[in-house]
>>> print(open('query.cif').read())   # mmCIF, C-alpha atoms
data_final
loop_
_atom_site.label_atom_id
_atom_site.label_comp_id
_atom_site.auth_asym_id
_atom_site.auth_seq_id
_atom_site.Cartn_x
_atom_site.Cartn_y
_atom_site.Cartn_z
CA MET A 1 91.11 125.04 130.10
CA LYS A 2 92.02 121.64 131.52
CA LYS A 3 94.51 119.16 130.09
CA ILE A 4 93.52 116.71 127.37
CA LEU A 5 93.90 112.97 127.97
CA GLN A 6 93.86 112.26 124.25
CA ASP A 7 97.24 114.03 124.04
CA LEU A 8 98.82 111.01 125.74
CA SER A 9 100.20 107.86 124.16
CA PHE A 10 99.25 104.53 125.72
CA ALA A 11 102.53 104.44 127.65
CA GLU A 12 101.89 107.94 128.98
CA THR A 13 98.30 107.03 129.86
CA GLU A 14 99.56 103.99 131.77
CA GLU A 15 102.07 106.13 133.66
CA LYS A 16 99.34 108.59 134.60
CA VAL A 17 96.97 105.88 135.81
CA LEU A 18 99.67 104.31 137.99
CA SER A 19 100.55 107.72 139.45
CA LEU A 20 96.93 108.01 140.60
CA GLY A 21 97.22 104.74 142.50
CA GLU A 22 95.10 102.69 140.11
CA LYS A 23 95.83 99.18 138.82
CA LYS A 24 97.73 98.85 135.56
CA PHE A 25 94.79 97.27 133.69
CA ARG A 26 92.77 100.47 134.23
CA ALA A 27 95.03 102.21 131.72
CA LYS A 28 93.92 99.80 129.00
CA GLN A 29 90.26 100.36 129.88
CA LEU A 30 90.71 104.11 129.89
CA PHE A 31 92.71 104.23 126.66
CA GLU A 32 90.32 101.95 124.79
CA GLY A 33 87.37 104.07 125.89
CA LEU A 34 89.03 107.25 124.66
CA MET A 35 89.97 105.65 121.32
CA GLN A 36 86.30 104.72 120.89
CA GLY A 37 85.47 108.42 121.07
CA ARG A 38 83.89 108.25 124.51
CA ARG A 39 83.91 111.00 127.09
CA ILE A 40 85.69 110.17 130.32
CA SER A 41 82.34 110.19 132.11
CA ASP A 42 80.91 107.62 129.64
CA ILE A 43 83.56 104.90 130.05
CA THR A 44 81.49 102.37 132.00
CA SER A 45 84.38 100.04 132.88
CA LEU A 46 85.87 102.71 135.16
CA SER A 47 84.65 103.51 138.64
CA GLY A 48 82.82 106.76 139.28
CA ALA A 49 85.46 107.84 141.78
CA PHE A 50 88.31 107.32 139.30
CA LYS A 51 86.45 109.19 136.55
CA ALA A 52 85.77 112.06 138.94
CA ARG A 53 89.48 112.32 139.75
CA LEU A 54 90.38 112.32 136.07
CA SER A 55 87.78 114.98 135.30
CA GLU A 56 89.30 117.31 137.86
CA GLU A 57 92.44 117.49 135.70
CA TYR A 58 91.29 116.60 132.19
CA GLU A 59 88.58 117.76 129.80
CA ASP A 60 85.65 115.35 129.69
CA GLU A 61 84.98 116.15 126.03
CA PRO A 62 87.80 118.14 124.35
CA VAL A 63 86.13 118.12 120.92
CA ARG A 64 82.48 117.75 120.04
CA ILE A 65 80.49 118.06 116.85
CA LYS A 66 78.58 121.32 117.11
CA GLU A 67 76.88 121.13 113.72
CA THR A 68 76.83 118.71 110.79
CA PHE A 69 76.06 119.69 107.21
CA TYR A 70 75.20 117.08 104.60
CA SER A 71 76.11 117.52 100.96
CA SER A 72 74.04 116.10 98.13
CA ASP A 73 77.07 114.00 97.12
CA GLY A 74 77.28 112.27 100.53
CA THR A 75 80.05 114.43 101.94
CA GLU A 76 79.62 115.51 105.55
CA LYS A 77 81.02 118.80 106.85
CA TYR A 78 81.50 119.26 110.59
CA LEU A 79 81.84 122.31 112.74
CA PHE A 80 83.79 121.16 115.80
CA SER A 81 83.59 122.99 119.10
CA LEU A 82 86.66 122.90 121.34
CA SER A 83 86.51 123.02 125.13
CA ASP A 84 87.53 126.70 125.17
CA GLY A 85 84.72 127.65 122.76
CA ASN A 86 86.89 127.97 119.66
CA LEU A 87 85.73 126.37 116.42
CA VAL A 88 87.45 124.32 113.74
CA GLU A 89 86.02 122.32 110.89
CA GLY A 90 86.46 119.05 109.07
CA VAL A 91 85.10 117.06 106.16
CA LEU A 92 84.23 113.37 105.77
CA MET A 93 84.47 112.13 102.19
CA LYS A 94 82.97 108.73 101.40
CA TYR A 95 84.65 106.57 98.79
CA LYS A 96 84.27 102.93 97.78
CA TYR A 97 87.57 102.05 99.45
CA GLY A 98 86.66 103.75 102.74
CA TYR A 99 86.09 107.07 104.46
CA THR A 100 88.63 109.88 104.26
CA GLN A 101 88.51 112.63 106.88
CA CYS A 102 90.03 116.06 106.43
CA ILE A 103 91.09 117.50 109.79
CA SER A 104 92.35 120.83 111.15
CA THR A 105 95.59 121.51 113.02
CA GLN A 106 95.07 125.15 114.04
CA VAL A 107 92.24 127.54 114.86
CA GLY A 108 92.63 129.88 111.92
CA CYS A 109 95.92 130.28 110.08
CA ARG A 110 98.63 132.91 109.70
CA MET A 111 99.94 131.90 106.26
CA GLY A 112 97.71 134.42 104.43
CA CYS A 113 97.12 132.48 101.18
CA LYS A 114 94.80 134.58 99.02
CA PHE A 115 92.52 131.70 97.98
CA CYS A 116 91.83 130.32 101.47
CA ALA A 117 89.12 131.30 103.96
CA SER A 118 91.06 129.86 106.92
CA THR A 119 93.40 132.84 106.95
CA LEU A 120 90.75 135.57 107.04
CA GLY A 121 90.89 136.04 110.81
CA GLY A 122 94.54 135.11 111.23
CA LEU A 123 95.84 132.50 113.65
CA VAL A 124 93.96 132.16 116.94
CA ARG A 125 95.90 129.24 118.43
CA ASN A 126 97.42 125.85 117.74
CA LEU A 127 95.56 122.63 118.43
CA SER A 128 97.10 120.03 120.71
CA ALA A 129 97.84 116.53 119.41
CA GLY A 130 94.81 115.27 121.32
CA GLU A 131 92.51 117.88 119.81
CA ILE A 132 93.68 116.91 116.34
CA LEU A 133 93.13 113.22 117.11
CA SER A 134 89.76 113.82 118.77
CA GLN A 135 88.32 115.15 115.52
CA ILE A 136 88.76 111.64 114.14
CA LEU A 137 87.58 109.92 117.30
CA VAL A 138 84.22 111.72 117.40
CA VAL A 139 83.58 111.05 113.70
CA ASN A 140 84.50 107.39 114.16
CA ALA A 141 82.02 107.24 117.02
CA LEU A 142 79.34 108.89 114.90
CA HIS A 143 79.78 106.28 112.18
CA ARG A 144 80.49 103.31 114.44
CA GLY A 145 77.77 101.24 112.76
CA GLU A 146 79.58 101.58 109.43
CA ALA A 147 83.04 100.85 110.82
CA LYS A 148 85.29 98.18 109.38
CA GLY A 149 87.82 96.81 111.82
CA GLY A 150 86.61 99.09 114.59
CA ARG A 151 86.96 102.43 112.79
CA ALA A 152 85.01 104.12 110.04
CA VAL A 153 87.77 106.57 109.05
CA THR A 154 90.43 104.73 107.06
CA ASN A 155 92.31 107.67 105.54
CA VAL A 156 93.25 111.06 106.97
CA VAL A 157 94.29 114.30 105.30
CA LEU A 158 95.73 117.20 107.30
CA MET A 159 94.32 119.81 104.94
CA GLY A 160 91.72 121.57 107.07
CA SER A 161 92.18 124.87 108.87
CA GLY A 162 95.78 125.74 109.64
CA GLU A 163 99.28 124.96 108.41
CA PRO A 164 100.29 121.62 110.00
CA LEU A 165 104.02 122.36 109.93
CA ASP A 166 103.44 125.71 111.65
CA ASN A 167 102.22 123.59 114.57
CA TYR A 168 105.08 121.16 114.14
CA ALA A 169 105.51 119.54 117.56
CA GLU A 170 101.83 118.80 118.13
CA THR A 171 101.30 117.63 114.54
CA VAL A 172 104.19 115.17 114.80
CA LYS A 173 102.94 113.93 118.17
CA PHE A 174 99.52 113.39 116.61
CA LEU A 175 101.08 111.45 113.71
CA LYS A 176 102.96 109.19 116.12
CA ASN A 177 99.86 108.58 118.25
CA VAL A 178 97.43 107.98 115.38
CA THR A 179 99.74 105.43 113.75
CA ALA A 180 100.74 103.64 116.98
CA GLU A 181 99.71 100.06 117.71
CA GLY A 182 96.96 99.83 120.30
CA GLY A 183 95.25 103.06 119.27
CA ILE A 184 93.19 103.58 116.14
CA CYS A 185 96.34 102.58 114.23
CA ILE A 186 95.87 104.30 110.87
CA SER A 187 98.71 103.44 108.50
CA ALA A 188 101.13 106.27 107.75
CA ARG A 189 100.63 105.46 104.06
CA ASN A 190 96.96 106.42 104.49
CA ILE A 191 97.78 109.86 105.89
CA SER A 192 98.46 112.96 103.79
CA LEU A 193 99.81 116.24 105.11
CA SER A 194 99.47 119.45 103.13
CA THR A 195 101.93 122.30 103.62
CA CYS A 196 102.33 125.64 101.92
CA GLY A 197 106.07 124.93 101.86
CA LEU A 198 107.76 125.61 105.21
CA VAL A 199 111.09 124.28 103.99
CA PRO A 200 112.98 123.76 107.30
CA LYS A 201 110.02 121.85 108.75
CA MET A 202 109.81 119.72 105.59
CA TYR A 203 113.37 118.56 106.22
CA ALA A 204 112.56 117.92 109.87
CA LEU A 205 109.48 115.88 108.94
CA ALA A 206 111.56 113.77 106.55
CA ASN A 207 113.83 112.89 109.47
CA GLU A 208 110.96 111.80 111.75
CA GLY A 209 110.68 108.39 110.09
CA ILE A 210 106.90 108.61 109.57
CA PRO A 211 106.33 107.82 105.86
CA ILE A 212 103.16 109.83 105.31
CA ASN A 213 102.21 111.39 101.97
CA LEU A 214 103.69 114.88 101.74
CA THR A 215 101.67 117.36 99.71
CA VAL A 216 102.89 120.86 98.88
CA SER A 217 100.59 123.70 97.84
CA LEU A 218 102.34 125.02 94.73
CA HIS A 219 99.74 126.98 92.70
CA ALA A 220 102.32 128.68 90.47
CA THR A 221 105.32 127.87 88.30
CA ASN A 222 107.61 130.75 89.30
CA ASP A 223 108.32 132.65 92.49
CA ALA A 224 106.89 136.00 91.35
CA ASP A 225 103.48 134.52 90.53
CA ARG A 226 103.49 132.41 93.68
CA GLN A 227 104.24 135.41 95.87
CA ARG A 228 101.09 137.15 94.63
CA VAL A 229 98.82 134.47 96.09
CA MET A 230 101.03 132.95 98.82
CA PRO A 231 103.00 135.28 101.12
CA VAL A 232 105.13 132.33 102.34
CA ALA A 233 106.73 132.28 98.86
CA LYS A 234 108.68 135.38 99.88
CA ALA A 235 110.51 133.26 102.46
CA TYR A 236 111.00 130.02 100.52
CA SER A 237 111.54 129.71 96.78
CA ILE A 238 110.19 126.97 94.54
CA ALA A 239 113.77 125.73 94.04
CA GLU A 240 114.16 125.34 97.81
CA ILE A 241 110.84 123.51 98.03
CA LEU A 242 111.87 121.08 95.28
CA LYS A 243 115.15 120.33 97.09
CA ALA A 244 113.22 119.62 100.31
CA CYS A 245 110.83 117.34 98.41
CA ALA A 246 113.75 115.43 96.91
CA TYR A 247 115.16 114.97 100.42
CA TYR A 248 111.78 113.71 101.64
CA PHE A 249 111.73 111.12 98.85
CA GLU A 250 115.29 110.09 99.66
CA LYS A 251 114.50 109.59 103.36
CA THR A 252 111.04 107.97 103.09
CA GLY A 253 110.87 106.42 99.64
CA ARG A 254 107.47 108.07 99.24
CA ARG A 255 106.69 110.09 96.16
CA TYR A 256 105.41 113.57 96.92
CA TYR A 257 102.41 115.52 95.69
CA PHE A 258 101.73 119.04 94.54
CA GLU A 259 98.40 120.83 94.80
CA TYR A 260 97.77 123.30 92.02
CA THR A 261 94.61 125.39 92.33
CA LEU A 262 93.38 126.67 88.98
CA ILE A 263 92.65 130.39 89.23
CA GLU A 264 91.12 132.26 86.32
CA GLY A 265 93.58 134.69 84.74
CA GLU A 266 96.38 133.66 87.09
CA ASN A 267 97.85 130.26 86.38
CA CYS A 268 95.76 128.11 84.07
CA ASP A 269 96.61 128.73 80.40
CA GLU A 270 98.74 126.56 78.11
CA ALA A 271 101.91 128.48 78.90
CA HIS A 272 101.47 127.79 82.61
CA ALA A 273 100.86 124.10 81.88
CA ARG A 274 104.03 123.85 79.82
CA ALA A 275 105.98 125.63 82.56
CA LEU A 276 104.63 123.19 85.14
CA VAL A 277 105.69 120.24 82.98
CA SER A 278 109.16 121.75 82.59
CA LEU A 279 109.41 122.29 86.35
CA LEU A 280 108.28 118.84 87.51
CA LYS A 281 108.79 116.30 84.72
CA GLY A 282 111.05 113.43 85.75
CA ARG A 283 110.49 113.95 89.47
CA PRO A 284 108.80 111.25 91.60
CA CYS A 285 105.68 113.34 92.11
CA HIS A 286 102.00 113.67 91.25
CA VAL A 287 100.02 116.85 90.59
CA ASN A 288 96.54 117.30 92.03
CA LEU A 289 94.69 119.97 90.09
CA ILE A 290 91.98 121.73 92.09
CA ARG A 291 89.17 123.92 90.83
CA LEU A 292 89.12 126.96 93.08
CA ASN A 293 86.43 127.11 95.76
CA GLU A 294 85.65 130.80 95.56
CA VAL A 295 85.78 132.78 98.81
CA LYS A 296 83.48 135.80 98.82
CA GLU A 297 85.99 137.95 100.69
CA ARG A 298 88.57 137.37 97.94
CA SER A 299 88.58 138.55 94.31
CA LEU A 300 89.96 135.33 92.83
CA LYS A 301 87.73 133.44 90.40
CA ALA A 302 87.52 129.76 89.53
CA THR A 303 88.28 128.49 86.06
CA GLY A 304 85.60 126.58 84.16
CA ASP A 305 85.45 122.80 83.83
CA LYS A 306 86.40 122.91 80.14
CA GLU A 307 89.53 124.94 80.87
CA ALA A 308 90.40 122.69 83.83
CA TYR A 309 90.29 119.53 81.74
CA ARG A 310 92.22 121.26 78.97
CA PHE A 311 94.96 122.13 81.46
CA LEU A 312 95.01 118.53 82.68
CA GLY A 313 95.37 117.36 79.08
CA PHE A 314 98.44 119.54 78.58
CA LEU A 315 100.07 118.04 81.68
CA GLU A 316 99.32 114.46 80.67
CA LYS A 317 100.55 115.07 77.13
CA GLY A 318 103.73 116.49 78.63
CA GLY A 319 104.31 113.32 80.64
CA LEU A 320 103.28 114.47 84.12
CA SER A 321 101.30 112.25 86.47
CA ALA A 322 98.26 114.40 87.23
CA THR A 323 94.58 114.27 88.14
CA LEU A 324 91.78 116.80 88.45
CA ARG A 325 90.31 116.52 91.92
CA ARG A 326 86.63 115.71 92.03
CA GLN A 327 84.59 118.61 93.44
CA ILE A 328 82.85 117.47 96.59
CA GLY A 329 81.01 119.25 99.38
CA SER A 330 80.79 122.56 97.53
CA ASP A 331 77.16 122.99 98.53
CA VAL A 332 78.13 122.89 102.25
CA GLY A 333 81.16 125.18 102.10
CA GLY A 334 83.66 122.42 101.39
CA ALA A 335 86.73 124.66 101.19
CA CYS A 336 88.98 125.24 104.21
CA GLY A 337 87.63 127.81 106.64
CA GLN A 338 84.38 128.63 104.85
CA LEU A 339 82.07 127.03 107.39
CA ARG A 340 83.81 128.49 110.46
CA ALA A 341 84.01 131.97 108.88
CA GLY A 342 80.34 131.86 107.92
CA TYR A 343 79.28 130.72 111.39
CA ILE A 344 81.29 133.45 113.12
CA GLU A 345 79.95 136.10 110.73
CA LYS A 346 76.34 134.97 111.24
CA ASN A 347 76.58 134.93 115.02
CA SER A 348 78.45 138.23 115.16
CA TYR A 349 75.61 139.76 113.18
CA LYS A 350 73.02 138.31 115.57
CA GLU A 351 74.89 139.71 118.57
CA SER A 352 74.94 143.18 117.01
CA LEU A 353 71.17 143.33 116.66
#
>>> encode(input="query.cif", output="structure tokens")
Amino acid sequence: MKKILQDLSFAETEEKVLSLGEKKFRAKQLFEGLMQGRRISDITSLSGAFKARLSEEYEDEPVRIKETFYSSDGTEKYLFSLSDGNLVEGVLMKYKYGYTQCISTQVGCRMGCKFCASTLGGLVRNLSAGEILSQILVVNALHRGEAKGGRAVTNVVLMGSGEPLDNYAETVKFLKNVTAEGGICISARNISLSTCGLVPKMYALANEGIPINLTVSLHATNDADRQRVMPVAKAYSIAEILKACAYYFEKTGRRYYFEYTLIEGENCDEAHARALVSLLKGRPCHVNLIRLNEVKERSLKATGDKEAYRFLGFLEKGGLSATLRRQIGSDVGGACGQLRAGYIEKNSYKESL
């Protein structure tokens, strides 16, 4: 596998171009072409000889859309193919204010959360910063005709396959590159990162000075219940997570978010709601309630709409800021890892025939 040019910042791209004996202005042409989602070979402002030299060292197309699935609600689900043949997935959600893209940071995941399809095959490898960024670049290119200000994707959520903070260095490099002037320049305030609660990395992220929206997958109100569905809870307690969140708020001034997936028989009755209010009331946070996307390999079941709204009502009555996330893309395997797992299973079956 070759190197990936999209890993580089503009300053690093300029340094590379100069080291190859090219004029300084070629760096701007190269970088702009890459930020438009073009392959090296398709950047027409560069000479064929220069592109050939670059292609000897760097991947021409590090990420491409292998398949696209269209939901009845307008959501688009992508299966991305990486240059080594591995697969990750992403989702484009269309709202009135703009397009939000959910992207992946790892091939698979090693966190083992019981409600998530991403963990079924374990962790295969981390993505590089450029591979994370390229997921956005190829979708921007796909929707170029709908772009406002040169990019269709206005908001980004790191909530696809993988635990972003388990791939800390590359995730942070991606965040710095995607928010930098001269690139696609997405505001840090329009970026959300979801973690299962890797406490030391939460503190480190707070110190990076990138004021993104931090979201923690909570899904329970006490450590014993959380450990049943999230193995990481054995390493980091809810109390430790809350301290790290408070530090994040202190350093960034950004309120933090909690995801709470409603699982039938696990965490969604009135007692759980009252416990959640007791745990979080008065903190600068918001709770996103999520109706479980059932994974066939797991035994967990989703709660009904009536019960979900009832739970939301308890939280609101208790004084918590909370919303019930709209279900989107469920008819195209909208949950993390479902599309990749299904594709691998289908093709493994074909190969066995």
>>> residues_around(input="query.cif", residues="A:Gly160", least_positions_apart="5", cutoff="7 Å", atoms="all atoms listed in the file", output="MDAnalysis selection string")
chainID A and resid 89:90 102:104 336
>>> residues_around(input="query.cif", residues="A:Tyr236", least_positions_apart="4", cutoff="12 Å", atoms="all atoms listed in the file", output="list in words")
Cys196, Gly197, Leu198, Val199, Pro200, Lys201, Met202, Leu218, Asn222, Asp223, Ala224, Arg226, Gln227, Met230, Pro231, Val232, Glu240, Ile241, Leu242, Lys243 and Ala244 of chain A
>>> resolve_selection(input="query.cif", expression="the PyMOL selection byres ((chain A and resi 67) around 7)", output="PyMOL selection string")
chain A and resi 65-66+68-69+78-79
>>> atom_distance(input="query.cif", atom1="atom CA of A:Gln135", atom2="atom CA of A:Phe80")
7.5 Å
>>> closest_residue(input="query.cif", among="A:Glu22, A:Gly74, A:Gly121, A:Met35", to="A:Ile136", atoms="only C-alpha atoms")
A:Met35
>>> closest_residue(input="query.cif", among="A:His272, A:Glu32, A:Thr221, A:Cys285", to="A:Ala246", atoms="all atoms listed in the file")
A:Cys285
>>> residues_near_point(input="query.cif", point="(84.7, 109.8, 102.8)", cutoff="12 Å", atoms="only C-alpha atoms", output="MDAnalysis selection string")
chainID A and resid 71 73:77 90:102 139:140 143 146 152:157 328:329
>>> resolve_selection(input="query.cif", expression="the PyMOL selection byres ((chain A and resi 311-319) around 7)", output="list in words")
Cys268, Asp269, Glu270, Ala273, Val277, Lys281, Glu307, Ala308, Tyr309, Arg310, Leu320, Ser321, Ala322, Thr323 and Leu324 of chain A
>>> closest_residue(input="query.cif", among="A:Ala117, A:Ala52, A:Val172, A:Leu133", to="A:Asn293", atoms="all atoms listed in the file")
A:Ala117
>>> resolve_selection(input="query.cif", expression="the PyMOL selection byres ((chain A and resi 105) around 8)", output="ChimeraX atom specification")
/A:103-104,106-107,126-128,132,158,160-164,167,171
>>> write_last_selection(input="query.cif", atoms="C-alpha atoms", output="PDB file, in the coordinates of the input")
ATOM      1  CA  ILE A 103      91.090 117.500 109.790  1.00  0.00           C
ATOM      2  CA  SER A 104      92.350 120.830 111.150  1.00  0.00           C
ATOM      3  CA  GLN A 106      95.070 125.150 114.040  1.00  0.00           C
ATOM      4  CA  VAL A 107      92.240 127.540 114.860  1.00  0.00           C
ATOM      5  CA  ASN A 126      97.420 125.850 117.740  1.00  0.00           C
ATOM      6  CA  LEU A 127      95.560 122.630 118.430  1.00  0.00           C
ATOM      7  CA  SER A 128      97.100 120.030 120.710  1.00  0.00           C
ATOM      8  CA  ILE A 132      93.680 116.910 116.340  1.00  0.00           C
ATOM      9  CA  LEU A 158      95.730 117.200 107.300  1.00  0.00           C
ATOM     10  CA  GLY A 160      91.720 121.570 107.070  1.00  0.00           C
ATOM     11  CA  SER A 161      92.180 124.870 108.870  1.00  0.00           C
ATOM     12  CA  GLY A 162      95.780 125.740 109.640  1.00  0.00           C
ATOM     13  CA  GLU A 163      99.280 124.960 108.410  1.00  0.00           C
ATOM     14  CA  PRO A 164     100.290 121.620 110.000  1.00  0.00           C
ATOM     15  CA  ASN A 167     102.220 123.590 114.570  1.00  0.00           C
ATOM     16  CA  THR A 171     101.300 117.630 114.540  1.00  0.00           C
TER      17      THR A 171
END
>>> residues_near_point(input="query.cif", point="(111.8, 117.2, 113.8)", cutoff="8 Å", atoms="all atoms listed in the file", output="PDB file with C-alpha atoms, in the coordinates of the input")
ATOM      1  CA  TYR A 168     105.080 121.160 114.140  1.00  0.00           C
ATOM      2  CA  ALA A 169     105.510 119.540 117.560  1.00  0.00           C
ATOM      3  CA  VAL A 172     104.190 115.170 114.800  1.00  0.00           C
ATOM      4  CA  LYS A 201     110.020 121.850 108.750  1.00  0.00           C
ATOM      5  CA  TYR A 203     113.370 118.560 106.220  1.00  0.00           C
ATOM      6  CA  ALA A 204     112.560 117.920 109.870  1.00  0.00           C
ATOM      7  CA  LEU A 205     109.480 115.880 108.940  1.00  0.00           C
ATOM      8  CA  ASN A 207     113.830 112.890 109.470  1.00  0.00           C
ATOM      9  CA  GLU A 208     110.960 111.800 111.750  1.00  0.00           C
TER      10      GLU A 208
END
>>> axis_aligned_box(input="query.cif", around="stretch 162-178 of chain A", padding_each_side="5 Å", output="AutoDock Vina command-line options")
--center_x 100.6 --center_y 116.9 --center_z 113.3 --size_x 19.7 --size_y 27.8 --size_z 19.8
>>> residues_around(input="query.cif", residues="A:Arg144", least_positions_apart="6", cutoff="10 Å", atoms="all atoms listed in the file", output="list in words")
Gln36, Gly37, Val138, Gly150, Arg151, Ala152 and Val153 of chain A
>>> residues_around(input="query.cif", residues="A:Ile4", least_positions_apart="6", cutoff="8 Å", atoms="only C-alpha atoms", output="list in words")
Tyr58, Glu59, Pro62, Gly130 and Glu131 of chain A
>>> closest_residue(input="query.cif", among="A:Ile238, A:Leu54, A:Ala129, A:Ala206", to="A:Lys251", atoms="all atoms listed in the file")
A:Ala206
>>> atom_distance(input="query.cif", atom1="atom CA of A:Thr252", atom2="atom CA of A:Ile210")
7.7 Å
>>> residues_around(input="query.cif", residues="A:Lys51", least_positions_apart="6", cutoff="12 Å", atoms="all atoms listed in the file", output="ChimeraX atom specification")
/A:5,17,20,22,26,29-30,33,39-45,57-60
>>> atom_distance(input="query.cif", atom1="atom CA of A:Gly21", atom2="atom CA of A:Asn177")
24.7 Å
>>> closest_residue(input="query.cif", among="A:Tyr256, A:Lys114, A:Val124, A:Ser72", to="A:Leu87", atoms="all atoms listed in the file")
A:Val124
>>> closest_residue(input="query.cif", among="A:Asp84, A:Ile263, A:Cys185, A:Phe31", to="A:Met1", atoms="all atoms listed in the file")
A:Asp84
>>> decode(input="query.cif", residues="stretch 230-236 of chain A", atoms="all heavy atoms", output="PDB file, in the first residue's frame")
ATOM      1  N   MET A 230     -21.425  -2.683  27.418  1.00  0.00           N
ATOM      2  CA  MET A 230     -20.226  -1.992  26.956  1.00  0.00           C
ATOM      3  C   MET A 230     -19.019  -2.463  27.767  1.00  0.00           C
ATOM      4  O   MET A 230     -18.814  -2.026  28.901  1.00  0.00           O
ATOM      5  CB  MET A 230     -20.389  -0.474  27.089  1.00  0.00           C
ATOM      6  CG  MET A 230     -21.556   0.101  26.309  1.00  0.00           C
ATOM      7  SD  MET A 230     -21.656   1.910  26.469  1.00  0.00           S
ATOM      8  CE  MET A 230     -20.219   2.415  25.499  1.00  0.00           C
ATOM      9  N   PRO A 231     -18.202  -3.339  27.214  1.00  0.00           N
ATOM     10  CA  PRO A 231     -17.029  -3.840  27.948  1.00  0.00           C
ATOM     11  C   PRO A 231     -16.089  -2.751  28.443  1.00  0.00           C
ATOM     12  O   PRO A 231     -15.430  -2.915  29.475  1.00  0.00           O
ATOM     13  CB  PRO A 231     -16.338  -4.730  26.909  1.00  0.00           C
ATOM     14  CG  PRO A 231     -17.445  -5.190  26.013  1.00  0.00           C
ATOM     15  CD  PRO A 231     -18.382  -4.030  25.922  1.00  0.00           C
ATOM     16  N   VAL A 232     -16.016  -1.610  27.727  1.00  0.00           N
ATOM     17  CA  VAL A 232     -15.125  -0.519  28.128  1.00  0.00           C
ATOM     18  C   VAL A 232     -15.491   0.014  29.506  1.00  0.00           C
ATOM     19  O   VAL A 232     -14.649   0.605  30.204  1.00  0.00           O
ATOM     20  CB  VAL A 232     -15.158   0.619  27.079  1.00  0.00           C
ATOM     21  CG1 VAL A 232     -16.498   1.356  27.106  1.00  0.00           C
ATOM     22  CG2 VAL A 232     -14.011   1.591  27.281  1.00  0.00           C
ATOM     23  N   ALA A 233     -16.740  -0.200  29.938  1.00  0.00           N
ATOM     24  CA  ALA A 233     -17.187   0.289  31.250  1.00  0.00           C
ATOM     25  C   ALA A 233     -16.445  -0.389  32.395  1.00  0.00           C
ATOM     26  O   ALA A 233     -16.439   0.113  33.522  1.00  0.00           O
ATOM     27  CB  ALA A 233     -18.693   0.086  31.400  1.00  0.00           C
ATOM     28  N   LYS A 234     -15.808  -1.518  32.110  1.00  0.00           N
ATOM     29  CA  LYS A 234     -15.012  -2.187  33.144  1.00  0.00           C
ATOM     30  C   LYS A 234     -13.713  -1.432  33.415  1.00  0.00           C
ATOM     31  O   LYS A 234     -13.105  -1.589  34.476  1.00  0.00           O
ATOM     32  CB  LYS A 234     -14.714  -3.624  32.717  1.00  0.00           C
ATOM     33  CG  LYS A 234     -15.972  -4.484  32.566  1.00  0.00           C
ATOM     34  CD  LYS A 234     -15.645  -5.852  31.985  1.00  0.00           C
ATOM     35  CE  LYS A 234     -16.921  -6.662  31.752  1.00  0.00           C
ATOM     36  NZ  LYS A 234     -16.647  -7.973  31.118  1.00  0.00           N
ATOM     37  N   ALA A 235     -13.306  -0.616  32.450  1.00  0.00           N
ATOM     38  CA  ALA A 235     -12.058   0.148  32.597  1.00  0.00           C
ATOM     39  C   ALA A 235     -12.309   1.555  33.126  1.00  0.00           C
ATOM     40  O   ALA A 235     -11.491   2.089  33.885  1.00  0.00           O
ATOM     41  CB  ALA A 235     -11.335   0.222  31.251  1.00  0.00           C
ATOM     42  N   TYR A 236     -13.428   2.162  32.719  1.00  0.00           N
ATOM     43  CA  TYR A 236     -13.704   3.543  33.091  1.00  0.00           C
ATOM     44  C   TYR A 236     -15.127   3.672  33.614  1.00  0.00           C
ATOM     45  O   TYR A 236     -16.088   3.322  32.923  1.00  0.00           O
ATOM     46  CB  TYR A 236     -13.500   4.477  31.889  1.00  0.00           C
ATOM     47  CG  TYR A 236     -12.141   4.330  31.251  1.00  0.00           C
ATOM     48  CD1 TYR A 236     -12.009   3.751  29.989  1.00  0.00           C
ATOM     49  CD2 TYR A 236     -10.986   4.754  31.915  1.00  0.00           C
ATOM     50  CE1 TYR A 236     -10.759   3.603  29.400  1.00  0.00           C
ATOM     51  CE2 TYR A 236      -9.740   4.596  31.331  1.00  0.00           C
ATOM     52  CZ  TYR A 236      -9.631   4.027  30.082  1.00  0.00           C
ATOM     53  OH  TYR A 236      -8.393   3.872  29.513  1.00  0.00           O
TER      54      TYR A 236
END
